[in-house]
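Q: Provided herewith is a single structure, encoded as structure tokens, for subsequent inquiry.
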Amino acid sequence: MGAQWSQFFPPKSQFTEADVPSLDGKVFLITGGASGIGYELAKMLFRKRACVYIAGRSEANALKAIKEIESTMPADAPVGRLEFLHLELDDLESIKASVETFKARESRLHVLWNNAGVSRPPAGSVSKQGTELQLATNCLGPFLLTQLLLPLLQETASSEAATSTGTGPDSGVGFARVVWTSSQAVELSAPQGGLIMSELRSPPADATRCYLNSKAGNIFLASELARRHGPSHNILSVATNPGAASTNLFRHTPSVRYLAWPLLHKPELAALTQLYAGLSGDVTIETNGCYIIPWGRISSSLRGDLVEATKTPEDGGSGRASEFWDFCVEMTSKYQ
């Protein structure tokens, strides 16, 4: 229980914005960057002179966030660039067009933060394709987005490797990264093995269970992307529990926000977890596929059955993560 307690009340972060050098010339994409954790992350990257795309459904909300972030800096301060990218994660048919728009504007992508998510929406909520909304928004949409951006991430990694040396944010080897946002709730409440595959096609009425399935799925997608594409293409893929923060994730469950208030932290603290996941030199090919906990630590105590699920049967695991990956391929292949 001590490992869980340290996630509720994490020690002071050892990796902050001050540890990040200039990111001039780097291109980042954050889903759900118009509010909460993603907003605070975008603010940090902007201050470090990065080009940051805030991807989401609402252009008005994104432009409002961009204006607010820009207004926090002096007019003559060296800063980056903030852009909006229209993206609807609950509509698989639209995601390819969003990716094509991005690729028409940028020739590189250094880090993709799959940060956006939905938690416990009204009963019966489904995606445009009729899939349970949390599975669609938290897993299938980000999976398809990542698959479509993977060639660009790979090209960026190769380009950086050819021109950079060292470790950390300026490292070429493995610089291109994908960050998948999970939740501590998986370790606390997910079923044995993380999720039950049959529930993906016949989701239970319990919205909390569906949320847990989607967040376990994020851990599985992170580990599988690392296993399948990391060694051959220098792609780093990690999952995070960014930390319990007071954000719009609770918009459908205000009572939960009220009850959990003593455990909730400021979003800017949780953004440090995401910053670490995307830029820390601790994340390497050797630690690829790891699980990162608040406020920027590689976990050495992920629940045992979840670790087993991320391993293939050949490596002594259950292969559940691989099964889930294959399910996501099946559900998204017609939209690639």
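Labels for the structure tokens follow display order: chains A, B, ..., residues from 1 in each chain, ligands from 1.
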With the cut-off set at 12 Å and counting only C-alpha atoms, tabulate each residue of range 58-128 of chain A with an atom at most that distance from an atom of range 227-242 of chain A, showing the nearest atom pair and its distance in Å to one decimal, ordered by chain and increasing number, as JSON lines.
A:
{"residue": "A:Leu109", "atom": "CA", "partner": "A:Ile235", "partner_atom": "CA", "distance": 11.5}
{"residue": "A:His110", "atom": "CA", "partner": "A:Ile235", "partner_atom": "CA", "distance": 9.8}
{"residue": "A:Val111", "atom": "CA", "partner": "A:Leu236", "partner_atom": "CA", "distance": 9.2}
{"residue": "A:Leu112", "atom": "CA", "partner": "A:Ser237", "partner_atom": "CA", "distance": 9.6}
{"residue": "A:Trp113", "atom": "CA", "partner": "A:Val238", "partner_atom": "CA", "distance": 10.0}
{"residue": "A:Asn114", "atom": "CA", "partner": "A:Ala239", "partner_atom": "CA", "distance": 9.5}
{"residue": "A:Asn115", "atom": "CA", "partner": "A:Pro242", "partner_atom": "CA", "distance": 9.6}
Q: What's the 8 Å shell around range 27-37 of chain A, counting only C-alpha atoms, without same-chain residues fewer than 6 positions away, as a ChimeraX atom specification?
A: /A:50-56,61-62,64-66,108-117,245-248,267-268,270-271
Q: By how many Å are CA of Gly316 in chain A and CA of Ser182 in chain A apart?
A: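 Atom-to-atom, CA of Gly316 in chain A to CA of Ser182 in chain A, that is 24.0 Å.
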Q: Just list the residues in range 103-328 of chain A DSSP gives helix (DSSP H, G or I) on the backbone, as a ChimeraX atom specification.
A: /A:103-105,133-163,168-170,185-189,198-201,207-233,248-250,254-263,267-279,304-309,313-315,320-328
Q: Could you pull out all residues of range 71-300 of chain A with a DSSP call of strand (DSSP E or B) and give them as a CSV table (one decimal) with C-alpha atoms, in the first residue's frame?
A:
chain,number,residue,atom,x,y,z
A,81,ARG,CA,4.4,28.9,-31.0
A,82,LEU,CA,0.9,27.7,-30.2
A,83,GLU,CA,-1.4,26.2,-32.8
A,84,PHE,CA,-4.8,24.6,-32.8
A,85,LEU,CA,-5.5,21.3,-34.5
A,86,HIS,CA,-9.1,20.1,-34.8
A,111,VAL,CA,6.4,14.0,-28.8
A,112,LEU,CA,2.8,13.0,-28.9
A,113,TRP,CA,1.0,13.3,-25.6
A,114,ASN,CA,-2.2,11.3,-25.7
A,126,VAL,CA,-21.3,6.2,-27.4
A,132,GLU,CA,-18.8,2.8,-25.6
A,177,ARG,CA,8.0,9.7,-27.9
A,178,VAL,CA,4.4,8.8,-27.3
A,179,VAL,CA,2.9,9.3,-23.9
A,180,TRP,CA,-0.3,7.5,-22.9
A,181,THR,CA,-2.3,8.9,-20.0
A,236,LEU,CA,9.8,5.6,-26.8
A,237,SER,CA,6.3,4.9,-25.5
A,238,VAL,CA,5.3,5.2,-21.9
A,239,ALA,CA,2.2,5.3,-19.8
A,240,THR,CA,1.6,7.7,-16.9
A,245,ALA,CA,-5.6,16.7,-10.2
A,265,HIS,CA,-3.6,18.5,-6.5
A,291,TYR,CA,4.9,3.3,-16.2
A,292,ILE,CA,5.5,6.8,-14.8
A,293,ILE,CA,4.0,8.0,-11.6
A,297,ARG,CA,9.2,8.8,-11.4
A,298,ILE,CA,9.5,5.5,-13.2
Q: For a quick check of understanding, using only C-alpha atoms, which of A:Gln147, A:Thr310, A:Ser301, A:Gln14 has the smallest distance to Ser322 in chain A?
A: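 Going through A:Gln147, A:Thr310, A:Ser301, A:Gln14 one by one, the smallest distance to Ser322 in chain A is for A:Thr310.
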Q: Tell me, as a list in words, which residues lie within 12 Å of Lys103 in chain A, counting only C-alpha atoms; anything in the same chain fewer than 2 positions away does not count.
A: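 The filter keeps Val27, Leu29, Tyr53, Leu85, Lys96, Ala97, Ser98, Val99, Glu100, Thr101, Arg105, Glu106, Ser107, Arg108, Leu109, Leu148, Leu149, Leu150, Pro151, Leu152 and Leu153 of chain A.
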Q: Which value, in Å to one decimal, gives the distance between CA of Leu200 in chain A and CA of Ala244 in chain A?
A: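 Computing the Euclidean distance for CA of Leu200 in chain A and CA of Ala244 in chain A yields 25.7 Å.
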